[in-house]
>>> print(open('my_file13.cif').read())   # mmCIF, C-alpha atoms
data_entry
#
loop_
_atom_site.group_PDB
_atom_site.id
_atom_site.type_symbol
_atom_site.label_atom_id
_atom_site.label_comp_id
_atom_site.auth_asym_id
_atom_site.auth_seq_id
_atom_site.Cartn_x
_atom_site.Cartn_y
_atom_site.Cartn_z
ATOM 1 C CA MET M 1 8.567 9.228 23.902
ATOM 2 C CA ALA M 2 8.973 9.942 20.221
ATOM 3 C CA SER M 3 6.418 12.158 18.538
ATOM 4 C CA ILE M 4 3.820 10.583 16.238
ATOM 5 C CA SER M 5 1.858 11.945 13.297
ATOM 6 C CA ILE M 6 -1.124 10.169 11.759
ATOM 7 C CA LEU M 7 -1.827 11.369 8.229
ATOM 8 C CA ALA M 8 -5.410 10.319 7.465
ATOM 9 C CA LEU M 9 -6.324 10.372 3.766
ATOM 10 C CA CYS M 10 -9.953 10.332 2.644
ATOM 11 C CA TYR M 11 -11.424 9.988 -0.818
ATOM 12 C CA ASN M 12 -15.062 8.906 -1.160
ATOM 13 C CA HIS M 13 -15.031 7.107 2.189
ATOM 14 C CA GLU M 14 -18.444 8.316 3.336
ATOM 15 C CA ALA M 15 -19.511 4.799 4.359
ATOM 16 C CA PHE M 16 -16.383 4.173 6.438
ATOM 17 C CA LEU M 17 -15.406 7.530 7.931
ATOM 18 C CA GLU M 18 -17.209 7.299 11.260
ATOM 19 C CA LYS M 19 -15.584 3.969 12.134
ATOM 20 C CA ALA M 20 -12.167 5.018 10.873
ATOM 21 C CA LEU M 21 -12.034 8.371 12.675
ATOM 22 C CA GLY M 22 -13.663 6.857 15.739
ATOM 23 C CA SER M 23 -10.691 4.526 16.012
ATOM 24 C CA LEU M 24 -8.445 7.604 16.356
ATOM 25 C CA ALA M 25 -10.653 9.452 18.836
ATOM 26 C CA SER M 26 -9.151 7.962 22.012
ATOM 27 C CA LEU M 27 -5.517 8.560 21.104
ATOM 28 C CA PRO M 28 -3.438 10.702 23.485
ATOM 29 C CA ASP M 29 -3.609 14.427 22.800
ATOM 30 C CA ASP M 30 0.075 14.557 21.891
ATOM 31 C CA VAL M 31 -0.478 12.291 18.862
ATOM 32 C CA GLU M 32 -0.759 14.627 15.878
ATOM 33 C CA VAL M 33 -3.711 13.827 13.613
ATOM 34 C CA ILE M 34 -4.009 15.497 10.216
ATOM 35 C CA VAL M 35 -7.062 14.585 8.120
ATOM 36 C CA VAL M 36 -7.442 15.467 4.448
ATOM 37 C CA ASP M 37 -10.329 15.106 2.043
ATOM 38 C CA ASP M 38 -8.986 14.800 -1.498
ATOM 39 C CA ALA M 39 -12.033 16.359 -3.207
ATOM 40 C CA SER M 40 -14.445 13.502 -2.498
ATOM 41 C CA LYS M 41 -17.588 13.333 -4.609
ATOM 42 C CA ASP M 42 -19.721 11.835 -1.826
ATOM 43 C CA LYS M 43 -20.676 13.247 1.587
ATOM 44 C CA SER M 44 -17.242 12.747 3.118
ATOM 45 C CA PRO M 45 -16.524 16.511 3.414
ATOM 46 C CA GLU M 46 -19.755 17.034 5.390
ATOM 47 C CA ILE M 47 -18.828 14.268 7.809
ATOM 48 C CA LEU M 48 -15.324 15.657 8.215
ATOM 49 C CA ARG M 49 -16.676 19.155 8.973
ATOM 50 C CA ARG M 50 -18.600 17.659 11.889
ATOM 51 C CA TRP M 51 -15.468 15.921 13.143
ATOM 52 C CA GLN M 52 -13.546 19.173 12.767
ATOM 53 C CA THR M 53 -15.936 20.745 15.275
ATOM 54 C CA ARG M 54 -15.624 17.818 17.677
ATOM 55 C CA PHE M 55 -11.819 17.628 17.508
ATOM 56 C CA PRO M 56 -10.429 21.158 17.174
ATOM 57 C CA ASN M 57 -6.948 19.871 18.084
ATOM 58 C CA TRP M 58 -6.854 17.817 14.865
ATOM 59 C CA LYS M 59 -5.877 19.518 11.621
ATOM 60 C CA PHE M 60 -8.222 19.260 8.635
ATOM 61 C CA VAL M 61 -7.449 19.944 4.990
ATOM 62 C CA PHE M 62 -10.069 20.088 2.218
ATOM 63 C CA HIS M 63 -8.897 19.877 -1.386
ATOM 64 C CA VAL M 64 -10.927 21.526 -4.126
ATOM 65 C CA GLU M 65 -9.525 19.135 -6.719
ATOM 66 C CA ASN M 66 -8.367 15.544 -6.466
ATOM 67 C CA ILE M 67 -4.573 15.250 -6.540
ATOM 68 C CA GLY M 68 -4.139 11.589 -5.574
ATOM 69 C CA ASN M 69 -2.613 9.723 -2.650
ATOM 70 C CA CYS M 70 1.053 10.397 -3.336
ATOM 71 C CA ARG M 71 0.854 14.178 -3.664
ATOM 72 C CA THR M 72 -1.602 14.388 -0.776
ATOM 73 C CA PHE M 73 0.599 12.368 1.559
ATOM 74 C CA ASN M 74 3.640 14.509 0.744
ATOM 75 C CA GLU M 75 1.610 17.651 1.417
ATOM 76 C CA LEU M 76 0.606 16.365 4.852
ATOM 77 C CA LEU M 77 4.119 15.136 5.590
ATOM 78 C CA ARG M 78 5.402 18.683 5.118
ATOM 79 C CA MET M 79 2.712 19.947 7.515
ATOM 80 C CA SER M 80 3.398 17.297 10.163
ATOM 81 C CA LYS M 81 5.912 17.319 13.001
ATOM 82 C CA GLY M 82 6.137 13.703 14.168
ATOM 83 C CA ASP M 83 9.273 11.560 14.229
ATOM 84 C CA TRP M 84 7.125 8.564 13.227
ATOM 85 C CA ILE M 85 4.551 8.744 10.453
ATOM 86 C CA LEU M 86 1.491 6.553 9.876
ATOM 87 C CA ASP M 87 -0.224 6.783 6.484
ATOM 88 C CA PHE M 88 -3.804 5.997 7.521
ATOM 89 C CA ALA M 89 -6.568 5.395 4.971
ATOM 90 C CA THR M 90 -9.991 6.362 6.262
ATOM 91 C CA ASP M 91 -11.563 3.091 5.157
ATOM 92 C CA ASP M 92 -9.389 1.207 7.696
ATOM 93 C CA ILE M 93 -9.548 0.996 11.488
ATOM 94 C CA LEU M 94 -6.729 1.551 13.982
ATOM 95 C CA LEU M 95 -6.912 -1.145 16.643
ATOM 96 C CA PRO M 96 -7.026 0.130 20.246
ATOM 97 C CA ASN M 97 -4.043 0.315 22.600
ATOM 98 C CA LYS M 98 -1.410 -0.751 20.073
ATOM 99 C CA LEU M 99 0.003 2.432 18.557
ATOM 100 C CA LEU M 100 2.283 3.463 21.431
ATOM 101 C CA ASP M 101 3.752 -0.036 21.802
ATOM 102 C CA TRP M 102 4.367 -0.132 18.063
ATOM 103 C CA VAL M 103 6.155 3.213 18.150
ATOM 104 C CA ALA M 104 8.212 2.083 21.167
ATOM 105 C CA VAL M 105 9.518 -0.924 19.219
ATOM 106 C CA ALA M 106 10.387 1.246 16.218
ATOM 107 C CA GLU M 107 12.028 3.843 18.448
ATOM 108 C CA SER M 108 14.179 1.157 20.101
ATOM 109 C CA LYS M 109 15.878 0.633 16.710
ATOM 110 C CA PRO M 110 17.822 3.870 16.027
ATOM 111 C CA ASP M 111 18.536 2.861 12.425
ATOM 112 C CA CYS M 112 14.956 1.803 11.598
ATOM 113 C CA GLY M 113 13.652 2.933 8.210
ATOM 114 C CA PHE M 114 10.164 1.600 8.803
ATOM 115 C CA CYS M 115 8.532 -0.853 11.167
ATOM 116 C CA TYR M 116 5.793 -3.068 9.737
ATOM 117 C CA ALA M 117 3.177 -4.826 11.821
ATOM 118 C CA GLU M 118 0.442 -7.405 11.513
ATOM 119 C CA GLY M 119 -2.968 -6.406 10.178
ATOM 120 C CA LEU M 120 -6.431 -7.921 10.298
ATOM 121 C CA VAL M 121 -8.236 -8.173 6.966
ATOM 122 C CA PHE M 122 -12.019 -7.680 6.914
ATOM 123 C CA ARG M 123 -14.840 -6.786 4.539
ATOM 124 C CA ASN M 124 -17.375 -5.362 6.995
ATOM 125 C CA GLU M 125 -17.589 -4.660 10.701
ATOM 126 C CA ALA M 126 -19.465 -7.916 11.335
ATOM 127 C CA GLY M 127 -16.317 -9.818 10.373
ATOM 128 C CA PRO M 128 -14.685 -12.166 10.042
ATOM 129 C CA PHE M 129 -11.325 -10.554 10.822
ATOM 130 C CA LYS M 130 -8.460 -12.651 9.474
ATOM 131 C CA PRO M 131 -4.773 -12.036 10.207
ATOM 132 C CA TYR M 132 -3.106 -10.817 7.048
ATOM 133 C CA SER M 133 -0.284 -13.306 7.530
ATOM 134 C CA GLN M 134 -2.715 -16.223 7.274
ATOM 135 C CA LEU M 135 -3.396 -15.232 3.691
ATOM 136 C CA ARG M 136 0.237 -15.918 2.817
ATOM 137 C CA THR M 137 2.692 -18.791 3.036
ATOM 138 C CA GLN M 138 5.358 -16.677 4.686
ATOM 139 C CA GLN M 139 6.544 -18.241 7.975
ATOM 140 C CA VAL M 140 9.579 -16.205 9.077
ATOM 141 C CA TYR M 141 9.158 -12.473 8.785
ATOM 142 C CA PRO M 142 12.239 -10.683 7.449
ATOM 143 C CA GLU M 143 13.963 -7.951 9.411
ATOM 144 C CA GLY M 144 17.124 -5.950 8.894
ATOM 145 C CA ARG M 145 18.396 -5.454 5.360
ATOM 146 C CA ILE M 146 15.447 -6.897 3.460
ATOM 147 C CA LEU M 147 15.621 -5.240 0.014
ATOM 148 C CA ASN M 148 15.775 -8.541 -1.893
ATOM 149 C CA ARG M 149 13.029 -10.065 0.254
ATOM 150 C CA LEU M 150 10.483 -7.433 -0.757
ATOM 151 C CA PHE M 151 9.938 -9.223 -4.060
ATOM 152 C CA GLU M 152 8.811 -12.419 -2.341
ATOM 153 C CA SER M 153 5.178 -13.256 -1.617
ATOM 154 C CA SER M 154 3.803 -10.196 0.121
ATOM 155 C CA PHE M 155 4.408 -10.307 3.866
ATOM 156 C CA ILE M 156 3.790 -6.631 4.668
ATOM 157 C CA CYS M 157 0.211 -5.557 5.337
ATOM 158 C CA PRO M 158 0.142 -2.303 3.317
ATOM 159 C CA PRO M 159 -1.515 0.027 5.867
ATOM 160 C CA ALA M 160 0.413 -1.439 8.835
ATOM 161 C CA VAL M 161 3.660 0.417 8.169
ATOM 162 C CA LEU M 162 5.151 3.012 10.517
ATOM 163 C CA PHE M 163 7.683 5.232 8.751
ATOM 164 C CA SER M 164 10.670 7.018 10.207
ATOM 165 C CA ARG M 165 10.497 10.667 9.191
ATOM 166 C CA LYS M 166 14.250 10.769 8.635
ATOM 167 C CA ALA M 167 13.977 7.800 6.249
ATOM 168 C CA LEU M 168 11.081 9.331 4.310
ATOM 169 C CA GLU M 169 12.904 12.622 3.978
ATOM 170 C CA LYS M 170 16.157 10.978 2.882
ATOM 171 C CA VAL M 171 14.516 9.029 0.039
ATOM 172 C CA GLY M 172 12.281 11.925 -1.032
ATOM 173 C CA ALA M 173 8.976 10.645 0.407
ATOM 174 C CA TYR M 174 6.361 9.340 -2.046
ATOM 175 C CA ASN M 175 6.981 9.414 -5.789
ATOM 176 C CA GLU M 176 4.250 11.728 -7.065
ATOM 177 C CA SER M 177 4.487 10.409 -10.614
ATOM 178 C CA LEU M 178 3.115 7.021 -9.492
ATOM 179 C CA ALA M 179 -0.502 5.933 -9.109
ATOM 180 C CA TYR M 180 0.268 4.104 -5.855
ATOM 181 C CA GLU M 181 2.856 4.603 -3.193
ATOM 182 C CA ASP M 182 3.646 1.702 -0.900
ATOM 183 C CA PHE M 183 5.845 -0.786 -2.785
ATOM 184 C CA ASP M 184 8.021 1.934 -4.308
ATOM 185 C CA VAL M 185 8.761 3.692 -1.033
ATOM 186 C CA TRP M 186 9.369 0.383 0.780
ATOM 187 C CA LEU M 187 12.035 -0.460 -1.795
ATOM 188 C CA ARG M 188 13.723 2.932 -1.637
ATOM 189 C CA ILE M 189 13.789 2.947 2.165
ATOM 190 C CA ALA M 190 14.914 -0.693 2.438
ATOM 191 C CA ARG M 191 17.815 0.144 0.129
ATOM 192 C CA GLU M 192 19.051 2.706 2.667
ATOM 193 C CA PHE M 193 17.841 1.495 6.081
ATOM 194 C CA PRO M 194 17.143 -1.688 8.055
ATOM 195 C CA VAL M 195 13.498 -2.630 8.498
ATOM 196 C CA TYR M 196 11.899 -4.145 11.603
ATOM 197 C CA ARG M 197 8.637 -5.843 12.564
ATOM 198 C CA PHE M 198 6.098 -5.394 15.354
ATOM 199 C CA HIS M 199 4.485 -8.777 15.914
ATOM 200 C CA GLU M 200 0.966 -7.681 16.878
ATOM 201 C CA ALA M 201 -1.993 -6.563 14.792
ATOM 202 C CA VAL M 202 -2.370 -2.784 14.730
ATOM 203 C CA ILE M 203 -4.697 -2.109 11.777
ATOM 204 C CA ALA M 204 -7.956 -3.607 10.544
ATOM 205 C CA TYR M 205 -7.487 -3.495 6.774
ATOM 206 C CA ARG M 206 -10.767 -3.176 4.896
ATOM 207 C CA LYS M 207 -11.077 -4.984 1.572
ATOM 208 C CA HIS M 208 -13.896 -3.606 -0.574
ATOM 209 C CA PRO M 209 -14.657 -3.379 -4.314
ATOM 210 C CA ASP M 210 -13.673 0.289 -4.566
ATOM 211 C CA SER M 211 -10.311 -0.062 -2.830
ATOM 212 C CA MET M 212 -7.185 0.642 -4.844
ATOM 213 C CA SER M 213 -5.861 -2.899 -4.435
ATOM 214 C CA ALA M 214 -9.101 -4.359 -5.788
ATOM 215 C CA SER M 215 -9.192 -1.991 -8.743
ATOM 216 C CA VAL M 216 -6.239 -3.652 -10.478
ATOM 217 C CA SER M 217 -8.206 -6.797 -11.246
ATOM 218 C CA LYS M 218 -11.828 -5.702 -11.031
ATOM 219 C CA LYS M 219 -11.487 -2.455 -12.947
ATOM 220 C CA ARG M 220 -8.483 -3.408 -15.095
ATOM 221 C CA ASN M 221 -6.629 -0.432 -13.671
ATOM 222 C CA ALA M 222 -3.858 -0.097 -16.216
ATOM 223 C CA ARG M 223 -2.436 2.988 -14.510
ATOM 224 C CA LEU M 224 -1.430 0.946 -11.466
ATOM 225 C CA LEU M 225 0.362 -1.551 -13.696
ATOM 226 C CA ASP M 226 2.073 1.295 -15.556
ATOM 227 C CA SER M 227 3.381 2.493 -12.200
ATOM 228 C CA THR M 228 4.744 -0.973 -11.436
ATOM 229 C CA VAL M 229 6.597 -0.920 -14.767
ATOM 230 C CA GLN M 230 8.026 2.477 -13.832
ATOM 231 C CA ILE M 231 9.196 1.168 -10.443
ATOM 232 C CA PHE M 232 10.907 -1.847 -12.006
ATOM 233 C CA SER M 233 12.540 0.265 -14.700
ATOM 234 C CA THR M 234 14.243 2.184 -11.887
ATOM 235 C CA VAL M 235 15.206 -0.585 -9.481
ATOM 236 C CA MET M 236 16.640 -2.778 -12.263
ATOM 237 C CA LEU M 237 19.455 -0.208 -12.444
ATOM 238 C CA TRP M 238 20.417 -0.667 -8.796
ATOM 239 C CA PRO M 239 23.686 -2.619 -8.463
ATOM 240 C CA GLU M 240 22.281 -4.349 -5.355
ATOM 241 C CA LEU M 241 19.767 -6.108 -7.605
ATOM 242 C CA ARG M 242 22.231 -7.377 -10.201
ATOM 243 C CA PRO M 243 21.963 -10.073 -11.293
ATOM 244 C CA MET M 244 18.193 -9.967 -10.902
ATOM 245 C CA PRO M 245 17.253 -12.196 -7.926
ATOM 246 C CA ASP M 246 14.806 -15.050 -8.502
ATOM 247 C CA PRO M 247 11.996 -13.459 -6.413
ATOM 248 C CA MET M 248 12.223 -10.362 -8.598
ATOM 249 C CA LEU M 249 11.903 -12.472 -11.754
ATOM 250 C CA LYS M 250 8.885 -14.271 -10.306
ATOM 251 C CA PHE M 251 7.349 -10.909 -9.404
ATOM 252 C CA LEU M 252 7.763 -9.676 -12.980
ATOM 253 C CA ARG M 253 6.264 -12.866 -14.399
ATOM 254 C CA TYR M 254 3.322 -12.627 -12.005
ATOM 255 C CA HIS M 255 2.531 -9.203 -13.441
ATOM 256 C CA LEU M 256 2.952 -10.441 -16.992
ATOM 257 C CA ARG M 257 0.410 -13.201 -16.255
ATOM 258 C CA LEU M 258 -1.898 -10.636 -14.681
ATOM 259 C CA CYS M 259 -1.756 -8.539 -17.855
ATOM 260 C CA PHE M 260 -2.672 -11.691 -19.798
ATOM 261 C CA TYR M 261 -5.670 -12.350 -17.526
ATOM 262 C CA LEU M 262 -6.767 -8.711 -17.777
ATOM 263 C CA GLN M 263 -6.094 -8.611 -21.532
ATOM 264 C CA LEU M 264 -3.928 -5.511 -21.365
ATOM 265 C CA PRO M 265 -1.469 -5.910 -24.263
ATOM 266 C CA LYS M 266 0.421 -2.641 -23.795
ATOM 267 C CA GLN M 267 1.255 -3.427 -20.174
ATOM 268 C CA ALA M 268 2.043 -7.063 -21.004
ATOM 269 C CA GLN M 269 4.549 -5.868 -23.594
ATOM 270 C CA ALA M 270 6.152 -3.561 -21.020
ATOM 271 C CA PHE M 271 6.678 -6.374 -18.491
ATOM 272 C CA PHE M 272 7.942 -8.676 -21.230
ATOM 273 C CA GLN M 273 10.436 -6.003 -22.282
ATOM 274 C CA LEU M 274 11.731 -5.749 -18.700
ATOM 275 C CA LEU M 275 12.358 -9.494 -18.686
ATOM 276 C CA LYS M 276 14.010 -9.235 -22.079
ATOM 277 C CA ASP M 277 16.232 -6.360 -20.928
ATOM 278 C CA ALA M 278 17.350 -8.538 -18.027
ATOM 279 C CA GLY M 279 18.120 -11.402 -20.427
ATOM 280 C CA GLN M 280 15.537 -13.566 -18.669
ATOM 281 C CA ASN M 281 12.701 -13.862 -21.192
ATOM 282 C CA ARG M 282 11.383 -17.373 -21.813
ATOM 283 C CA GLY M 283 9.160 -18.909 -24.460
ATOM 284 C CA ILE M 284 6.092 -18.902 -22.214
ATOM 285 C CA ASP M 285 6.673 -15.201 -21.557
ATOM 286 C CA SER M 286 6.489 -14.512 -25.285
ATOM 287 C CA VAL M 287 3.292 -16.556 -25.581
ATOM 288 C CA LEU M 288 1.575 -14.711 -22.705
ATOM 289 C CA CYS M 289 2.618 -11.363 -24.123
ATOM 290 C CA LEU M 290 1.212 -12.277 -27.541
ATOM 291 C CA MET M 291 -2.039 -13.744 -26.183
ATOM 292 C CA ALA M 292 -2.695 -10.676 -24.012
ATOM 293 C CA GLY M 293 -3.668 -8.865 -27.196
ATOM 294 C CA MET M 294 -5.826 -11.578 -28.727
ATOM 295 C CA PRO M 295 -9.660 -11.354 -28.767
ATOM 296 C CA LEU M 296 -10.157 -14.128 -26.199
ATOM 297 C CA PRO M 297 -12.692 -14.281 -23.306
ATOM 298 C CA ILE M 298 -9.866 -14.527 -20.765
ATOM 299 C CA TYR M 299 -10.910 -11.519 -18.703
ATOM 300 C CA ARG M 300 -14.519 -12.733 -18.382
ATOM 301 C CA LEU M 301 -13.297 -16.093 -17.107
ATOM 302 C CA TYR M 302 -10.848 -14.411 -14.737
ATOM 303 C CA SER M 303 -13.575 -12.108 -13.376
ATOM 304 C CA ALA M 304 -15.856 -15.085 -12.806
ATOM 305 C CA GLN M 305 -13.108 -16.800 -10.840
ATOM 306 C CA LEU M 306 -12.604 -13.711 -8.658
ATOM 307 C CA TRP M 307 -16.338 -13.484 -8.023
ATOM 308 C CA LEU M 308 -16.508 -17.165 -7.051
ATOM 309 C CA ARG M 309 -13.565 -16.847 -4.681
ATOM 310 C CA GLU M 310 -15.247 -13.936 -2.919
ATOM 311 C CA LYS M 311 -18.524 -15.825 -2.586
ATOM 312 C CA VAL M 312 -16.933 -18.849 -0.957
ATOM 313 C CA GLY M 313 -14.660 -16.707 1.182
ATOM 314 C CA LEU M 314 -11.307 -17.746 -0.237
#
>>> encode(input="my_file13.cif", output="structure tokens")
Amino acid sequence: MASISILALCYNHEAFLEKALGSLASLPDDVEVIVVDDASKDKSPEILRRWQTRFPNWKFVFHVENIGNCRTFNELLRMSKGDWILDFATDDILLPNKLLDWVAVAESKPDCGFCYAEGLVFRNEAGPFKPYSQLRTQQVYPEGRILNRLFESSFICPPAVLFSRKALEKVGAYNESLAYEDFDVWLRIAREFPVYRFHEAVIAYRKHPDSMSASVSKKRNARLLDSTVQIFSTVMLWPELRPMPDPMLKFLRYHLRLCFYLQLPKQAQAFFQLLKDAGQNRGIDSVLCLMAGMPLPIYRLYSAQLWLREKVGL
């Protein structure tokens, strides 16, 4: 059986740590678990010290300053020994009795760059737990050489990705200049390796107001959008993506609209420039870019819509 390393990253997850680490507690002893606290400001380090006593076979790392997900993951990757790597956020939950089957499927594909699985989305332990795929229109899940498909409506549950160490090392692991890691590394690996899918749910993916994914809209996290611009500026140079495929254009325009809703003119201009560089800018793109910098109550209306959708469970 291939060796497995779980790299568990914690930052201000005090409210979720017990459930998250508890979901790892029954794993076989030969599964390597490395847990890091990235200088949390809450009581997470105290909780982790207690777990360190209970599980002396796990490795624990405590940062004195926050260095972010990308640098932290790369640090743990260098410490780890597994052939297969799971980037595990300590606000999520690993579902029981699935990990070894997932690894077996990935291991059966010698050329696999990463193997993605289903995930269950939830807000609190009382539920409901909804399959991630039900939140999308995707019907047939891509496998093999899927680089172009990664720009379509999201079909990969972000925490439910099992990486091949050899693939991570070949592409240089996470890009430490970015504010987030997943989409960029998926693209770089999919450019070099086939990708496969495990058809069962392996992770319960917690959605909460302080999560990174929520911060784009709720906190107008411009740094995440800047990272997306950086990713596109790189991949637009890849010959495999010339001419720019339609899903990639739609993806760019989605982010331009998002910058309009969030009223972030600098980022809107950056996405508009990418479309212009590709020779694909349209009149509506120019209008959205211009209106992103106007003193309009767009963001208040957008926030109200997000709040309403949460309340009615959409």
>>> resolve_selection(input="my_file13.cif", expression="the PyMOL selection byres ((chain M and resi 59-69) around 10)", output="VMD selection string")
chain M and resid 7 to 11 32 to 41 45 48 to 49 51 to 52 55 to 58 70 to 76 79 to 80 87 89 174 176 178 to 181
>>> closest_residue(input="my_file13.cif", among="M:Arg149, M:Lys170, M:Arg50, M:Arg197", to="M:Val103", atoms="all atoms listed in the file")
M:Arg197
>>> atom_distance(input="my_file13.cif", atom1="atom CA of M:Glu200", atom2="atom CA of M:Met248")
28.0 Å
>>> closest_residue(input="my_file13.cif", among="M:Phe129, M:Tyr299, M:Phe271, M:Tyr196", to="M:Tyr141", atoms="all atoms listed in the file")
M:Tyr196
>>> atom_distance(input="my_file13.cif", atom1="atom CA of M:Asp42", atom2="atom CA of M:His13")
7.8 Å
>>> resolve_selection(input="my_file13.cif", expression="the PyMOL selection byres ((chain M and resi 249) around 10)", output="VMD selection string")
chain M and resid 151 to 152 244 to 248 250 to 254 274 to 275 278 280 to 281
>>> resolve_selection(input="my_file13.cif", expression="the PyMOL selection byres ((chain M and resi 282-291) around 8)", output="NGL selection string")
:M and (253 or 256-257 or 260 or 265 or 268-269 or 272 or 280-281 or 292-294)
>>> write_last_selection(input="my_file13.cif", atoms="C-alpha atoms", output="mmCIF file, keeping the file's coordinate frame")
data_model
loop_
_atom_site.group_PDB
_atom_site.id
_atom_site.type_symbol
_atom_site.label_atom_id
_atom_site.label_comp_id
_atom_site.auth_asym_id
_atom_site.auth_seq_id
_atom_site.Cartn_x
_atom_site.Cartn_y
_atom_site.Cartn_z
ATOM 1 C CA ARG M 253 6.264 -12.866 -14.399
ATOM 2 C CA LEU M 256 2.952 -10.441 -16.992
ATOM 3 C CA ARG M 257 0.410 -13.201 -16.255
ATOM 4 C CA PHE M 260 -2.672 -11.691 -19.798
ATOM 5 C CA PRO M 265 -1.469 -5.910 -24.263
ATOM 6 C CA ALA M 268 2.043 -7.063 -21.004
ATOM 7 C CA GLN M 269 4.549 -5.868 -23.594
ATOM 8 C CA PHE M 272 7.942 -8.676 -21.230
ATOM 9 C CA GLN M 280 15.537 -13.566 -18.669
ATOM 10 C CA ASN M 281 12.701 -13.862 -21.192
ATOM 11 C CA ALA M 292 -2.695 -10.676 -24.012
ATOM 12 C CA GLY M 293 -3.668 -8.865 -27.196
ATOM 13 C CA MET M 294 -5.826 -11.578 -28.727
#
>>> atom_distance(input="my_file13.cif", atom1="atom CA of M:Ser233", atom2="atom CA of M:Pro194")
23.3 Å
